[in-house]
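> Below are the structure tokens for one structure; questions will follow.
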Amino acid sequence: MAVMTLNKLAEHDSAQDPAASSPSANDKSTTMQKRVLAGGSVGQFIEFYDFTLYGLTAVVFSQLFFPGSNPLTAMLATFATFGVAFVVRPLGGLFFGALGDRIGRRRVLTITLIAIGGATALMGLLPTYAQIGAWAPALLVLCRLIQGFSAGGESVGAPSFVFEHAPVSKRGFWLNITIAATALPSVVAGSMILILSQSMPNSAFMEWGWRLPFLLALPLALFGVWIRSRTEESDVFKKAQSGQTKEFSPIREAFRENKLRMLQVIFVMGLTAMGFYFLSAYFVSYVQTTGKLSREQSLMVNAAALALYAVLLPIGGRLGDRFGRKPMLIAGSAALALLSIPSFMLVTSGSLPLALLGQSIFVVALCIYGGGCYTFFVEIFTTKTRFTSAAVSYNGAYAIFGGTAPLIGTALVGATGVPHAPGLYMAAAAAVVLLLILFTKVPETRGRMG
């Protein structure tokens, strides 16, 4: 049924966007374009530094905010709270997307950065369950809701902003540099947590040491706001905005024009959402609890894997610029279907080198897929409603598949007793997405103009 529906929608979308054309001959980067790329990347780094800290300290939160006699139950509660942020991401995407299509990308990105920075810093100040009882997890959930709501705007706003400034022939490369910046926060934050945990007694780390990376979020956010204040809106957005009427509703227009494209983006981005949050938010605790490595070893392996992701993803984007988005989607989903199970088996082997090898193999497959998907999800929409359309579909995909990945992974291991059970889930999802890409006429978007 899903295949038939997407086929019908794709047939309706098969005619080229009236605004589409071949890439511009002038692809030389200007100073402002480079400044936007830097601002988008720095902002993404800061935003996702804040957002991924929770996943990296999941074991700490399970002990301090969800205490109980059963460690599995505590971890499930911790990852359920992790998933709460994804529930509100589509709402944040809808709100900030419509706002961004009306008043501009840059002003909205300032709001999202301040909101998530403040919420993350507040998490570093929260009293624990032992101090205030059930209020502790309740306040933690509130902070996660604020994080998720603002991330719903940032995660799409920054790529849209960069996309609209990027040279046409380098869109994939530029977009993937911006997205690669979302992996580096886990490396930096993971290294910071590793240094703190090794430089002080465990009792001190559990009492106050883990809070320091969270408190750093607010000054980082203010720095990001300053960087973005030196940019301006793209000419293509200004042109689209000049044609708006008072009656223009980005939300109504997005669902009227783009419901088929939005459905395609949900399927395409759902797979990378699942893979990225397995990598960035689940593997640290997964390697500790299932692979039986220490906290320090888990952090080191994951930091190395995410550093590799940050290096390889722009290369994937460059390949997408050369060969097209759809070939990268097909090759990447096939690689994830074939490699996820052996990757997860290596990750849970109990061996430090094999755990690193397993995460590295998984990263390679993700970056092949990322060479197509991260440009596809903004390139498929027109400028007028790009922010709204991409935000709703992208965040819907991340809510359904990304936010639930750590929770489902933990539950599968607990229910089956099979350490690599999450790999089976990942492989099955990749196989389904591969079939959808092959048989539902997902369009090639390379070179489209907004």
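We name chains A, B, ... following the order of the structure tokens; residues begin at 1 in each chain, and ligands are numbered from 1 as shown.
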For region 163-167 of chain A, find every residue with an atom within 12 Å (counting only C-alpha atoms), except residues of its own chain fewer than 6 positions away, and show them as a PyMOL selection string.
chain A and resi 23-41+104-106+156-157+173-179+231-240+321+374-384+386-387+447-450
> Based on the backbone DSSP call, show me all residues of region 48-274 of chain A assigned alpha helix (DSSP H), as a ChimeraX atom specification.
/A:48-56,58-64,71-87,89-103,105-123,129-132,135-165,171-180,184-199,202-207,212-215,217-228,235-242,250-274
> Just the residues within 7 Å of Ala221 (chain A), please, counting only C-alpha atoms, with nothing from its chain fewer than 4 positions along; format it as a tab-separated table (two decimals) with C-alpha atoms, in the first residue's frame.

chain	number	residue	atom	x	y	z
A	46	ILE	CA	26.60	24.20	18.95
A	113	LEU	CA	20.11	28.61	19.23
A	114	ILE	CA	19.32	30.66	22.34
A	117	GLY	CA	21.47	26.66	24.81
A	217	ALA	CA	26.13	25.27	26.40
A	225	VAL	CA	24.42	33.93	17.68
> With only C-alpha atoms as the counted atoms, please give the residues lying no more than 6 Å from region 180-184 of chain A, apart from itself and same-chain residues fewer than 6 positions off, as a VMD selection string.
chain A and resid 41 44 to 45 48 306 310
> Got a sec: who's within 8 Å of region 292-303 of chain A, counting only C-alpha atoms, leaving out chain neighbours fewer than 4 positions off, as a PyMOL selection string?
chain A and resi 186-188+190-191+194+197-198+279-280+283-285+287-288+307+348+350-352+355-356+359
> Set the distance at 12 Å and use only C-alpha atoms: which residues neighbour Gly124 (chain A) once local chain neighbours fewer than 4 positions away are removed? I'd like the list as a PDB file with N, CA and C atoms, in the first residue's frame.

ATOM      1  N   ASP A  50      24.638  20.524  22.277  1.00  0.00           N
ATOM      2  CA  ASP A  50      23.638  20.546  23.343  1.00  0.00           C
ATOM      3  C   ASP A  50      22.726  19.320  23.283  1.00  0.00           C
ATOM      4  N   LEU A  53      24.445  15.719  24.166  1.00  0.00           N
ATOM      5  CA  LEU A  53      25.012  15.499  25.503  1.00  0.00           C
ATOM      6  C   LEU A  53      24.184  14.499  26.304  1.00  0.00           C
ATOM      7  N   TYR A  54      22.878  14.571  26.146  1.00  0.00           N
ATOM      8  CA  TYR A  54      21.998  13.672  26.900  1.00  0.00           C
ATOM      9  C   TYR A  54      22.300  12.207  26.584  1.00  0.00           C
ATOM     10  N   THR A  57      25.548  10.930  28.148  1.00  0.00           N
ATOM     11  CA  THR A  57      25.526  10.759  29.605  1.00  0.00           C
ATOM     12  C   THR A  57      24.300   9.963  30.048  1.00  0.00           C
ATOM     13  N   PHE A  61      22.420   9.706  33.784  1.00  0.00           N
ATOM     14  CA  PHE A  61      21.029  10.101  34.023  1.00  0.00           C
ATOM     15  C   PHE A  61      20.199   8.944  34.558  1.00  0.00           C
ATOM     16  N   GLY A 117      20.339  26.402  23.922  1.00  0.00           N
ATOM     17  CA  GLY A 117      21.467  26.657  24.811  1.00  0.00           C
ATOM     18  C   GLY A 117      21.023  26.862  26.246  1.00  0.00           C
ATOM     19  N   GLY A 118      19.940  27.625  26.426  1.00  0.00           N
ATOM     20  CA  GLY A 118      19.412  27.849  27.769  1.00  0.00           C
ATOM     21  C   GLY A 118      18.877  26.578  28.408  1.00  0.00           C
ATOM     22  N   ALA A 119      18.151  25.767  27.624  1.00  0.00           N
ATOM     23  CA  ALA A 119      17.589  24.523  28.161  1.00  0.00           C
ATOM     24  C   ALA A 119      18.691  23.543  28.558  1.00  0.00           C
ATOM     25  N   THR A 120      19.753  23.484  27.767  1.00  0.00           N
ATOM     26  CA  THR A 120      20.841  22.560  28.065  1.00  0.00           C
ATOM     27  C   THR A 120      21.597  22.990  29.315  1.00  0.00           C
ATOM     28  N   THR A 128      18.930  16.221  41.590  1.00  0.00           N
ATOM     29  CA  THR A 128      18.697  14.828  41.236  1.00  0.00           C
ATOM     30  C   THR A 128      17.466  14.266  41.947  1.00  0.00           C
ATOM     31  N   ALA A 136      12.599  15.771  39.777  1.00  0.00           N
ATOM     32  CA  ALA A 136      13.853  15.730  39.010  1.00  0.00           C
ATOM     33  C   ALA A 136      13.633  15.201  37.592  1.00  0.00           C
ATOM     34  N   LEU A 139      11.412  17.722  35.541  1.00  0.00           N
ATOM     35  CA  LEU A 139      12.128  18.889  35.031  1.00  0.00           C
ATOM     36  C   LEU A 139      13.072  18.507  33.893  1.00  0.00           C
ATOM     37  N   LEU A 140      13.638  17.319  33.990  1.00  0.00           N
ATOM     38  CA  LEU A 140      14.504  16.832  32.916  1.00  0.00           C
ATOM     39  C   LEU A 140      13.712  16.672  31.622  1.00  0.00           C
ATOM     40  N   CYS A 143      13.073  20.103  30.058  1.00  0.00           N
ATOM     41  CA  CYS A 143      14.254  20.602  29.339  1.00  0.00           C
ATOM     42  C   CYS A 143      14.420  19.893  28.002  1.00  0.00           C
ATOM     43  N   GLU A 207      28.652  13.453  41.096  1.00  0.00           N
ATOM     44  CA  GLU A 207      28.032  14.520  41.875  1.00  0.00           C
ATOM     45  C   GLU A 207      27.972  15.835  41.091  1.00  0.00           C
ATOM     46  N   TRP A 208      29.088  16.226  40.468  1.00  0.00           N
ATOM     47  CA  TRP A 208      29.097  17.518  39.790  1.00  0.00           C
ATOM     48  C   TRP A 208      29.899  17.548  38.485  1.00  0.00           C
ATOM     49  N   GLY A 209      30.792  16.611  38.264  1.00  0.00           N
ATOM     50  CA  GLY A 209      31.648  16.655  37.084  1.00  0.00           C
ATOM     51  C   GLY A 209      30.885  16.570  35.776  1.00  0.00           C
ATOM     52  N   TRP A 210      29.846  15.734  35.736  1.00  0.00           N
ATOM     53  CA  TRP A 210      29.070  15.555  34.501  1.00  0.00           C
ATOM     54  C   TRP A 210      28.317  16.818  34.103  1.00  0.00           C
ATOM     55  N   ARG A 211      28.126  17.744  35.069  1.00  0.00           N
ATOM     56  CA  ARG A 211      27.344  18.947  34.805  1.00  0.00           C
ATOM     57  C   ARG A 211      28.111  19.982  33.969  1.00  0.00           C
ATOM     58  N   LEU A 212      29.422  19.976  34.031  1.00  0.00           N
ATOM     59  CA  LEU A 212      30.223  21.022  33.400  1.00  0.00           C
ATOM     60  C   LEU A 212      29.985  21.146  31.890  1.00  0.00           C
ATOM     61  N   PRO A 213      29.961  20.043  31.134  1.00  0.00           N
ATOM     62  CA  PRO A 213      29.692  20.188  29.693  1.00  0.00           C
ATOM     63  C   PRO A 213      28.329  20.809  29.392  1.00  0.00           C
ATOM     64  N   PHE A 214      27.342  20.558  30.260  1.00  0.00           N
ATOM     65  CA  PHE A 214      26.016  21.138  30.057  1.00  0.00           C
ATOM     66  C   PHE A 214      26.036  22.644  30.307  1.00  0.00           C
ATOM     67  N   LEU A 215      26.765  23.077  31.333  1.00  0.00           N
ATOM     68  CA  LEU A 215      26.817  24.505  31.656  1.00  0.00           C
ATOM     69  C   LEU A 215      27.536  25.305  30.576  1.00  0.00           C
ATOM     70  N   LEU A 216      28.415  24.640  29.834  1.00  0.00           N
ATOM     71  CA  LEU A 216      29.137  25.303  28.756  1.00  0.00           C
ATOM     72  C   LEU A 216      28.222  25.677  27.584  1.00  0.00           C
ATOM     73  N   ALA A 217      27.031  25.101  27.545  1.00  0.00           N
ATOM     74  CA  ALA A 217      26.134  25.272  26.397  1.00  0.00           C
ATOM     75  C   ALA A 217      25.708  26.722  26.188  1.00  0.00           C
ATOM     76  N   LEU A 218      25.461  27.454  27.259  1.00  0.00           N
ATOM     77  CA  LEU A 218      24.952  28.818  27.100  1.00  0.00           C
ATOM     78  C   LEU A 218      25.981  29.756  26.466  1.00  0.00           C
TER      79      LEU A 218
END
> Taking only C-alpha atoms into account, name the residue in A:Ala121, A:Cys373, A:Met426, A:Ala337 that is nearest to Pro406 (chain A).
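Under the stated criterion, the closest residue is A:Met426.
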> Find the distance between CA of Gly414 (chain A) and CA of Thr290 (chain A) and write it in Å to one decimal.
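CA of Gly414 (chain A) sits 9.8 Å away from CA of Thr290 (chain A).
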> Restricting the calculation to only C-alpha atoms: of A:Gly275, A:Gly320, A:Gly172, A:Gly358, which residue gets closest to Ser333 (chain A)?
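That would be A:Gly275, the residue with the smallest distance to Ser333 (chain A).
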> Would you mind reading off the distance between CA of Arg107 (chain A) and CA of Val168 (chain A), one decimal, in Å?
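A separation of 24.2 Å between them.
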> Kindly assemble as JSON lines a list of the region 269-325 of chain A residues that lie within 9 Å of region 396-404 of chain A, each paired with its nearest atom pair and their distance in Å to one decimal, using only C-alpha atoms, sorted first by chain and then by ascending residue number.

{"residue": "A:Met269", "atom": "CA", "partner": "A:Ala397", "partner_atom": "CA", "distance": 5.9}
{"residue": "A:Gly270", "atom": "CA", "partner": "A:Ala397", "partner_atom": "CA", "distance": 4.5}
{"residue": "A:Leu271", "atom": "CA", "partner": "A:Phe401", "partner_atom": "CA", "distance": 7.2}
{"residue": "A:Thr272", "atom": "CA", "partner": "A:Gly402", "partner_atom": "CA", "distance": 8.0}
{"residue": "A:Ala273", "atom": "CA", "partner": "A:Gly402", "partner_atom": "CA", "distance": 4.5}
{"residue": "A:Met274", "atom": "CA", "partner": "A:Gly402", "partner_atom": "CA", "distance": 4.3}
{"residue": "A:Gly275", "atom": "CA", "partner": "A:Gly402", "partner_atom": "CA", "distance": 7.6}
{"residue": "A:Phe276", "atom": "CA", "partner": "A:Gly402", "partner_atom": "CA", "distance": 7.5}
{"residue": "A:Tyr277", "atom": "CA", "partner": "A:Gly402", "partner_atom": "CA", "distance": 5.8}
{"residue": "A:Phe278", "atom": "CA", "partner": "A:Gly402", "partner_atom": "CA", "distance": 8.0}
> Excluding Val432 (chain A) and its own-chain neighbours fewer than 4 positions away, which residues fall within 12 Å of it when counting only C-alpha atoms? Please give them as JSON, numbers by chain.
{"A": [2, 3, 267, 268, 270, 271, 330, 333, 334, 336, 337, 425, 426, 427, 428, 436, 437, 438, 439, 440]}
> For each of A:Val392, A:Leu407, A:Met192, A:Val162, take the minimum atom-to-atom distance to Val84 (chain A), counting only C-alpha atoms, then give the residue where this is smallest.
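The shortest atom-to-atom distance to Val84 (chain A) comes from A:Leu407.
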> Tell me, in Å to one decimal, how far CA of Gly332 (chain A) is from CA of Leu366 (chain A).
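Taking CA of Gly332 (chain A) and CA of Leu366 (chain A), their separation equals 6.6 Å.
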